[in-house]
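The next block holds one structure in the form of structure tokens; read it before the comments.
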Amino acid sequence: MSKTPEKKQIPLLLQLAAERLDELFRLADLTHRAGRCRAMRRERRDALRAVVSALLKRVCLQADGLAVQLAADGREAVPLTVEGLAGVAGIGVRRAKRVLYDMRDAGLIEVKPQWRRRAGGRTLLVTACLRRLTRRFWASLRLWGLYVET
């Protein structure tokens, strides 16, 4: 018996999604957002591909597709922050925010703040937002049926 650790099996849904990322660039709502006349620049496409790949690696299918980051001990999952997502994707925080805004506006990702606390006249975000890939995302990759089954 070998003592080498076995490689974790990635669910088929996530494997297929990673293979079909180019399907996203066929969505006019994403590539020509906000009435743009010309297509998305290459740098922006590369950033989108990096962010979606990072999100797919952190999607928790047991939690209805939430993007999470495992704690150091591997026992807890916490919502993935923009800074964490940018670090994993290998891009800057501002570029990651732009990609998330584009995805949200195109209906590919759902973003919900968790809790808010009032401090005087200001409202403070206490924890990271919950991010979930939407039905439109999975349908654009032709994976909605498999997502529901999974």
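The way I read the labels, and the way they are meant: chains A, B, ... in the order of the structure tokens, residue 1 as the first residue of every chain, and ligand 1 as the first ligand shown, with later ones counted on from there.
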Output as a ChimeraX atom specification all residues of segment 35-71 of chain A that backbone DSSP marks as strand (DSSP E or B). /A:59-60,66-70
List every residue of segment 43-146 of chain A that DSSP, applied to the backbone, labels as helix (DSSP H, G or I), and write the result as a PyMOL selection string. chain A and resi 43-57+61-63+82-89+93-105+135-140+144-146
Could you give me, as number ranges by chain, the residues within 10 Å of segment 43-60 of chain A, counting only C-alpha atoms and dropping anything in the same chain fewer than 4 positions from it? A: 10, 13-15, 17-19, 21-22, 24-25, 30-31, 39, 64-70, 77, 79-80, 84-92, 95-100, 102-103, 131-133
